[in-house]
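Q: final33.txt is the file, holding compact mmCIF, C-alpha atoms:
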```txt
# COMPACT_ATOMS: atom_id res chain seq x y z
CA MET A 1 -2.11 -18.47 7.46
CA GLU A 2 -5.05 -17.76 5.27
CA LYS A 3 -2.73 -17.25 2.34
CA LEU A 4 -1.87 -20.91 2.43
CA ALA A 5 -5.47 -22.01 2.10
CA MET A 6 -6.40 -19.29 -0.34
CA ASN A 7 -3.63 -19.33 -2.86
CA LYS A 8 -2.15 -22.76 -2.76
CA PRO A 9 -5.00 -25.09 -3.59
CA SER A 10 -2.54 -27.63 -4.94
CA MET A 11 -1.28 -28.19 -1.42
CA GLY A 12 -4.67 -29.55 -0.29
CA LYS A 13 -4.98 -32.99 1.21
CA ASN A 14 -6.42 -34.56 -1.91
CA SER A 15 -3.01 -34.40 -3.51
CA ALA A 16 -2.56 -37.21 -5.95
CA GLN A 17 0.83 -38.22 -4.66
CA HIS A 18 0.12 -38.15 -0.90
CA LYS A 19 3.61 -36.85 -0.39
CA GLN A 20 4.02 -35.50 3.11
CA ALA A 21 5.63 -32.06 3.26
CA PHE A 22 7.80 -32.40 6.33
CA ASP A 23 9.88 -29.35 5.52
CA GLU A 24 7.10 -26.83 4.87
CA PRO A 25 6.54 -25.92 8.57
CA LEU A 26 10.24 -25.01 8.75
CA TRP A 27 9.97 -22.65 5.74
CA TRP A 28 6.77 -21.08 7.06
CA GLY A 29 8.39 -20.68 10.50
CA LEU A 30 11.45 -18.98 9.01
CA PHE A 31 9.10 -16.86 6.85
CA SER A 32 7.22 -15.65 9.94
CA ALA A 33 10.34 -15.02 12.01
CA GLY A 34 11.92 -13.18 9.09
CA GLY A 35 8.72 -11.21 8.55
CA VAL A 36 8.78 -9.96 12.13
CA CYS A 37 12.44 -8.93 11.79
CA PHE A 38 11.79 -7.27 8.42
CA ALA A 39 8.90 -5.29 9.91
CA VAL A 40 10.37 -4.37 13.31
CA PHE A 41 14.13 -3.99 12.70
CA LEU A 42 14.59 -3.16 9.03
CA PRO A 43 12.91 0.29 8.93
CA ALA A 44 15.36 1.66 11.51
CA VAL A 45 18.35 -0.22 10.06
CA ILE A 46 17.70 1.04 6.52
CA LEU A 47 17.00 4.58 7.73
CA PHE A 48 20.22 4.87 9.71
CA ILE A 49 22.68 2.79 7.65
CA ALA A 50 21.44 3.27 4.09
CA VAL A 51 19.96 6.80 4.24
CA LEU A 52 21.29 8.94 7.09
CA LEU A 53 24.85 7.56 7.06
CA PRO A 54 25.61 8.07 3.34
CA LEU A 55 23.89 11.48 3.40
CA GLY A 56 26.23 12.55 6.20
CA LEU A 57 23.35 13.27 8.54
CA LEU A 58 24.81 11.26 11.42
CA PRO A 59 27.35 12.91 13.72
CA ALA A 60 30.90 12.30 12.48
CA GLU A 61 32.68 9.23 13.84
CA VAL A 62 29.53 7.40 15.04
CA LEU A 63 30.12 4.86 12.31
CA SER A 64 33.83 5.38 11.78
CA TYR A 65 35.83 2.36 10.68
CA GLU A 66 36.92 1.68 14.26
CA ARG A 67 33.47 2.01 15.83
CA ALA A 68 31.68 0.10 13.06
CA SER A 69 34.21 -2.76 13.35
CA ALA A 70 33.85 -2.87 17.13
CA LEU A 71 30.04 -2.94 16.84
CA LEU A 72 29.77 -5.52 14.07
CA PHE A 73 32.55 -7.94 15.01
CA SER A 74 31.09 -8.88 18.37
CA VAL A 75 28.46 -11.21 19.81
CA PRO A 76 25.74 -8.53 19.53
CA GLY A 77 26.94 -7.96 15.94
CA PHE A 78 26.49 -11.69 15.24
CA LEU A 79 22.92 -11.53 16.59
CA PHE A 80 22.32 -8.33 14.57
CA VAL A 81 23.31 -10.12 11.36
CA GLY A 82 21.07 -13.07 12.25
CA ALA A 83 18.06 -10.78 12.75
CA VAL A 84 18.74 -8.26 9.98
CA VAL A 85 20.30 -10.42 7.24
CA CYS A 86 19.61 -14.14 7.74
CA LEU A 87 15.98 -14.34 8.87
CA PRO A 88 14.74 -11.62 6.45
CA LEU A 89 16.56 -13.49 3.65
CA PHE A 90 14.54 -16.64 4.36
CA HIS A 91 11.42 -14.46 4.43
CA ALA A 92 12.40 -13.04 1.04
CA ALA A 93 13.22 -16.50 -0.33
CA HIS A 94 9.77 -17.75 0.66
CA ARG A 95 7.97 -14.79 -0.90
CA LEU A 96 10.04 -15.00 -4.08
CA ARG A 97 9.34 -18.73 -4.38
CA HIS A 98 5.60 -18.26 -3.97
CA GLY A 99 5.60 -15.14 -6.13
CA MET A 100 7.33 -17.04 -8.94
CA PHE A 101 4.75 -19.78 -8.60
CA ASP A 102 1.99 -17.16 -8.79
CA ILE A 103 3.26 -15.78 -12.08
CA SER A 104 4.24 -19.21 -13.44
CA VAL A 105 7.97 -18.62 -13.58
CA GLY A 106 10.18 -21.68 -13.54
CA ASN A 107 9.33 -24.87 -11.73
CA ASP A 108 8.58 -24.89 -8.04
CA ALA A 109 10.71 -27.88 -7.10
CA LEU A 110 13.76 -26.14 -8.55
CA ASN A 111 12.79 -22.62 -7.36
CA LYS A 112 12.44 -23.98 -3.85
CA LYS A 113 15.99 -25.36 -3.85
CA LEU A 114 17.39 -22.19 -5.45
CA MET A 115 15.62 -19.74 -3.12
CA TYR A 116 16.12 -21.49 0.22
CA GLY A 117 19.56 -22.67 -0.83
CA GLY A 118 20.53 -19.13 -1.80
CA ALA A 119 19.21 -17.73 1.49
CA ALA A 120 21.15 -20.36 3.43
CA LEU A 121 24.34 -19.72 1.46
CA VAL A 122 24.23 -15.92 1.89
CA SER A 123 23.36 -16.35 5.58
CA ILE A 124 26.40 -18.56 6.13
CA VAL A 125 28.63 -16.06 4.30
CA ALA A 126 27.24 -13.15 6.37
CA LEU A 127 27.68 -14.92 9.71
CA GLY A 128 31.09 -16.17 8.56
CA LEU A 129 32.16 -12.56 7.85
CA VAL A 130 31.31 -11.60 11.45
CA VAL A 131 33.22 -14.58 12.83
CA ALA A 132 36.19 -13.75 10.56
CA GLY A 133 36.14 -10.18 11.88
CA MET A 134 36.02 -11.40 15.48
CA LEU A 135 38.99 -13.70 14.91
CA GLY A 136 41.02 -11.29 12.79
CA MET B 1 5.35 -30.74 -1.51
CA ASP B 2 5.93 -29.74 -5.06
CA LYS B 3 3.19 -27.73 -6.57
CA SER B 4 2.69 -29.48 -9.88
CA SER B 5 -0.76 -27.98 -10.04
CA SER B 6 -1.27 -28.61 -13.73
CA GLN B 7 -2.77 -31.98 -12.87
CA ARG B 8 -5.67 -30.48 -10.96
CA LEU B 9 -6.07 -26.82 -11.83
CA PRO B 10 -6.48 -25.07 -15.14
CA PRO B 11 -3.34 -23.00 -15.68
CA LEU B 12 -3.74 -19.34 -14.77
CA LYS B 13 -2.56 -16.60 -17.04
CA ARG B 14 0.44 -14.74 -15.74
CA ASN B 15 -1.53 -11.50 -15.41
CA TRP B 16 -4.41 -12.96 -13.36
CA TRP B 17 -3.50 -10.71 -10.42
CA LEU B 18 -3.89 -7.51 -12.46
CA LYS B 19 -7.64 -7.94 -12.58
CA HIS B 20 -8.47 -7.01 -9.02
CA ARG B 21 -7.12 -4.40 -6.59
CA PHE B 22 -6.84 -6.99 -3.81
CA PHE B 23 -4.55 -9.20 -5.87
CA LYS B 24 -2.50 -6.21 -7.06
CA LEU B 25 -1.87 -5.27 -3.43
CA TYR B 26 -1.01 -8.90 -2.72
CA MET B 27 1.59 -8.89 -5.50
CA LEU B 28 2.94 -5.52 -4.34
CA ARG B 29 3.41 -7.01 -0.89
CA GLU B 30 5.20 -10.02 -2.38
CA ALA B 31 7.43 -7.56 -4.26
CA THR B 32 8.50 -5.75 -1.07
CA VAL B 33 11.24 -8.35 -0.73
CA LEU B 34 12.97 -7.23 -3.95
CA PRO B 35 14.37 -3.95 -2.53
CA LEU B 36 14.95 -5.82 0.75
CA VAL B 37 17.24 -8.26 -1.04
CA PHE B 38 19.03 -5.29 -2.65
CA PHE B 39 19.61 -3.68 0.76
CA THR B 40 20.78 -7.00 2.21
CA LEU B 41 23.37 -7.37 -0.55
CA CYS B 42 24.52 -3.76 0.09
CA LEU B 43 24.90 -4.61 3.76
CA LEU B 44 26.90 -7.70 2.87
CA ALA B 45 29.20 -5.59 0.71
CA GLY B 46 29.61 -3.23 3.68
CA MET B 47 30.62 -6.11 5.92
CA VAL B 48 33.23 -7.22 3.38
CA ALA B 49 34.48 -3.62 3.16
CA LEU B 50 34.71 -3.39 6.95
CA LEU B 51 36.78 -6.57 6.97
CA GLN B 52 39.11 -5.18 4.30
CA GLY B 53 40.03 -1.97 6.12
CA ALA B 54 39.31 1.71 6.70
CA GLU B 55 39.75 2.75 3.07
CA SER B 56 37.28 0.17 1.76
CA TRP B 57 34.80 1.21 4.48
CA GLN B 58 34.91 4.84 3.34
CA GLY B 59 34.55 3.65 -0.25
CA TRP B 60 31.45 1.66 0.73
CA ILE B 61 29.87 4.73 2.40
CA ALA B 62 30.50 6.68 -0.81
CA PHE B 63 28.92 3.84 -2.83
CA MET B 64 25.86 3.92 -0.54
CA GLY B 65 25.58 7.65 -1.24
CA SER B 66 25.44 7.28 -5.02
CA PRO B 67 22.02 8.40 -6.28
CA ILE B 68 20.76 5.07 -7.67
CA VAL B 69 21.76 3.12 -4.57
CA LEU B 70 20.20 5.77 -2.34
CA VAL B 71 16.94 5.72 -4.28
CA LEU B 72 16.75 1.92 -4.20
CA ASN B 73 17.39 1.95 -0.46
CA LEU B 74 14.71 4.60 0.07
CA LEU B 75 12.44 2.21 -1.82
CA ALA B 76 13.53 -0.53 0.59
CA LEU B 77 12.64 1.72 3.53
CA ALA B 78 9.18 2.34 2.09
CA ALA B 79 8.82 -1.40 1.34
CA SER B 80 9.73 -2.31 4.92
CA LEU B 81 7.06 0.05 6.27
CA PHE B 82 4.45 -1.26 3.80
CA HIS B 83 5.37 -4.81 4.74
CA ALA B 84 5.09 -3.88 8.44
CA ALA B 85 1.63 -2.38 7.91
CA THR B 86 0.40 -5.57 6.22
CA PHE B 87 2.24 -7.98 8.53
CA PHE B 88 1.15 -6.44 11.83
CA VAL B 89 -2.57 -6.85 11.10
CA LEU B 90 -1.99 -10.59 10.58
CA PHE B 91 -0.73 -11.14 14.12
CA PRO B 92 -4.06 -10.76 15.96
CA ARG B 93 -5.69 -13.00 13.34
CA VAL B 94 -3.08 -15.75 13.54
CA MET B 95 -2.52 -15.54 17.29
CA PRO B 96 -5.29 -13.71 19.19
CA LEU B 97 -4.06 -12.71 22.64
CA ARG B 98 -6.21 -13.09 25.72
CA ILE B 99 -5.41 -11.45 29.02
CA ALA B 100 -7.39 -12.46 32.10
CA GLY B 101 -10.18 -13.87 30.00
CA HIS B 102 -10.57 -10.77 27.84
CA SER B 103 -9.28 -10.82 24.32
CA LEU B 104 -6.96 -7.97 23.52
CA PRO B 105 -8.42 -5.70 20.82
CA ASP B 106 -6.76 -6.11 17.42
CA GLN B 107 -5.83 -2.43 17.32
CA ALA B 108 -3.93 -2.80 20.60
CA ILE B 109 -1.81 -5.65 19.19
CA VAL B 110 -1.13 -3.70 15.98
CA ALA B 111 -0.24 -0.57 17.99
CA GLY B 112 2.07 -2.63 20.19
CA GLN B 113 4.00 -3.81 17.15
CA TRP B 114 4.34 -0.26 15.80
CA ALA B 115 5.64 0.68 19.25
CA GLY B 116 8.28 -2.01 18.67
CA VAL B 117 9.33 -0.33 15.41
CA VAL B 118 9.63 3.02 17.20
CA ALA B 119 11.57 1.42 20.07
CA VAL B 120 14.11 -0.05 17.64
CA ALA B 121 14.45 3.34 15.91
CA LEU B 122 15.05 4.99 19.30
CA LEU B 123 17.68 2.37 20.12
CA PHE B 124 19.43 3.23 16.86
CA PHE B 125 19.16 6.92 17.66
CA TRP B 126 20.77 6.23 21.04
CA LEU B 127 23.55 4.23 19.35
CA PHE B 128 24.22 6.49 16.37
CA GLY B 129 22.58 9.82 17.16
CA ARG B 130 25.54 11.21 19.04
CA ALA B 131 29.29 10.93 18.75
```
Show how you would write the structure in this file as structure tokens.

A:
Amino acid sequence: MEKLAMNKPSMGKNSAQHKQAFDEPLWWGLFSAGGVCFAVFLPAVILFIAVLLPLGLLPAEVLSYERASALLFSVPGFLFVGAVVCLPLFHAAHRLRHGMFDISVGNDALNKKLMYGGAALVSIVALGLVVAGMLG
Amino acid sequence: MDKSSSQRLPPLKRNWWLKHRFFKLYMLREATVLPLVFFTLCLLAGMVALLQGAESWQGWIAFMGSPIVLVLNLLALAASLFHAATFFVLFPRVMPLRIAGHSLPDQAIVAGQWAGVVAVALLFFWLFGRA
């Protein structure tokens, strides 16, 4: 991505330490996958769940306790959480990490652990909630 | 690789990005993830509520309807659309598509992705638009 070349000159090959960044492709891959999910799925998800539902603009009972449980605590629900919570979280973690670097907040080695670690932790909790609902 | 850039680059001031429209838009795009994280945490709370029972679920819907939460989530909706508009134009640049020797015009790839957004919205309408 051009952003990499443009904004991160410190990652160039003439790095003093010659440390190989084996993990960066993983973070950029998760960033891209999460970016696609954020762009394609999130507008509809936010519109229906966070705007129309609380405003009472959806027909009654479409997201009743029973129907919402049946939809979420299922294999499609598990995939939904992966696409709508987990991947966008890694996208967000990546942008927050680079954004903090851009405005010189904190130290990147620590930010990296905090951001990706946080995304991983919340992802595991979210997927765990679905599994708990399927078992319970 | 850790970005200990101080060895090679003069440190930038924190407001460097305020000096040009391009960089302001760049920072705005970076900031689209803030309301996204808020929405994600709301969703997580909803999942916990759903696990707890019918009463908690109704309580969560009421929480989602409180004015501040609603405004922040409307901001998240706008952020997701702004992010989509900036992300979709990257696709043809990162991965140009060629069909039968002819490269697909950039606008066609961007339009295809917007069609994806509409398709997902229609799927949601099919799922939740009727009782």

Q: Pick out the closest residue to Met134 of chain A from this set: B:Met27, B:Leu36, B:Leu51, B:Leu12. Count only C-alpha atoms.

A: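 Nearest to Met134 of chain A: B:Leu51.
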
Q: Write out as a PyMOL selection string the residues lying within 9 Å of Val131 of chain A, counting only C-alpha atoms and excluding same-chain residues fewer than 5 positions away.

A: chain A and resi 73-74+78+126+136

Q: For the selection just defined, write its residues with C-alpha atoms to a file, as a PDB file, in the frame of the given file.

A:
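Saved as part32.pdb:
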```pdb
ATOM      1  CA  PHE A  73      32.550  -7.940  15.010  1.00  0.00           C
ATOM      2  CA  SER A  74      31.090  -8.880  18.370  1.00  0.00           C
ATOM      3  CA  PHE A  78      26.490 -11.690  15.240  1.00  0.00           C
ATOM      4  CA  ALA A 126      27.240 -13.150   6.370  1.00  0.00           C
ATOM      5  CA  GLY A 136      41.020 -11.290  12.790  1.00  0.00           C
TER       6      GLY A 136
END
```

Q: Pick the closest to chain B from A:Leu71, A:Ala109, A:Val81, A:Val122: which is it, counting only C-alpha atoms?

A: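 Counting only C-alpha atoms, the residue closest to chain B is A:Ala109.
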
Q: Set the cut-off to 7 Å and count only C-alpha atoms: what are the residues of chain B that reach chain A? Output as a PyMOL selection string.

A: chain B and resi 1-3+5+14+30+33+40+44+47+50-51+54+57+61-62+64-65+70+73+77+80-81+83-84+94+116-117+120-121+124+128-131

Q: What does the distance from atom CA of Ala100 of chain B to atom CA of Gly112 of chain B come to in Å, to one decimal?

A: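 Answer for the atom CA of Ala100 of chain B to atom CA of Gly112 of chain B separation: 18.1 Å.
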
Q: Can segment 38-55 of chain B be brought up to N, CA and C atoms and written out as a compact mmCIF listing (two decimals), in the coordinates of the input?

A:
```
# COMPACT_ATOMS: atom_id res chain seq x y z
N PHE B 38 18.00 -6.24 -2.22
CA PHE B 38 19.03 -5.29 -2.65
C PHE B 38 19.75 -4.70 -1.44
N PHE B 39 18.98 -4.25 -0.44
CA PHE B 39 19.61 -3.68 0.76
C PHE B 39 20.50 -4.70 1.46
N THR B 40 20.00 -5.95 1.54
CA THR B 40 20.78 -7.00 2.21
C THR B 40 22.13 -7.20 1.52
N LEU B 41 22.11 -7.19 0.18
CA LEU B 41 23.37 -7.37 -0.55
C LEU B 41 24.29 -6.18 -0.33
N CYS B 42 23.72 -4.94 -0.25
CA CYS B 42 24.52 -3.76 0.09
C CYS B 42 25.19 -3.94 1.45
N LEU B 43 24.39 -4.42 2.40
CA LEU B 43 24.90 -4.61 3.76
C LEU B 43 26.04 -5.62 3.77
N LEU B 44 25.87 -6.67 2.97
CA LEU B 44 26.90 -7.70 2.87
C LEU B 44 28.19 -7.10 2.31
N ALA B 45 28.03 -6.26 1.29
CA ALA B 45 29.20 -5.59 0.71
C ALA B 45 29.87 -4.72 1.77
N GLY B 46 29.06 -4.05 2.61
CA GLY B 46 29.61 -3.23 3.68
C GLY B 46 30.39 -4.04 4.68
N MET B 47 29.91 -5.25 4.97
CA MET B 47 30.62 -6.11 5.92
C MET B 47 31.96 -6.55 5.34
N VAL B 48 31.97 -6.85 4.03
CA VAL B 48 33.23 -7.22 3.38
C VAL B 48 34.19 -6.03 3.44
N ALA B 49 33.65 -4.82 3.15
CA ALA B 49 34.48 -3.62 3.16
C ALA B 49 35.07 -3.38 4.55
N LEU B 50 34.26 -3.60 5.57
CA LEU B 50 34.71 -3.39 6.95
C LEU B 50 35.84 -4.36 7.29
N LEU B 51 35.74 -5.56 6.73
CA LEU B 51 36.78 -6.57 6.97
C LEU B 51 38.07 -6.21 6.26
N GLN B 52 37.93 -5.49 5.12
CA GLN B 52 39.11 -5.18 4.30
C GLN B 52 39.93 -4.02 4.88
N GLY B 53 39.27 -3.08 5.54
CA GLY B 53 40.03 -1.97 6.12
C GLY B 53 39.32 -0.64 6.00
N ALA B 54 39.94 0.39 6.58
CA ALA B 54 39.31 1.71 6.70
C ALA B 54 39.02 2.33 5.33
N GLU B 55 39.93 2.11 4.39
CA GLU B 55 39.75 2.75 3.07
C GLU B 55 38.54 2.17 2.35
```
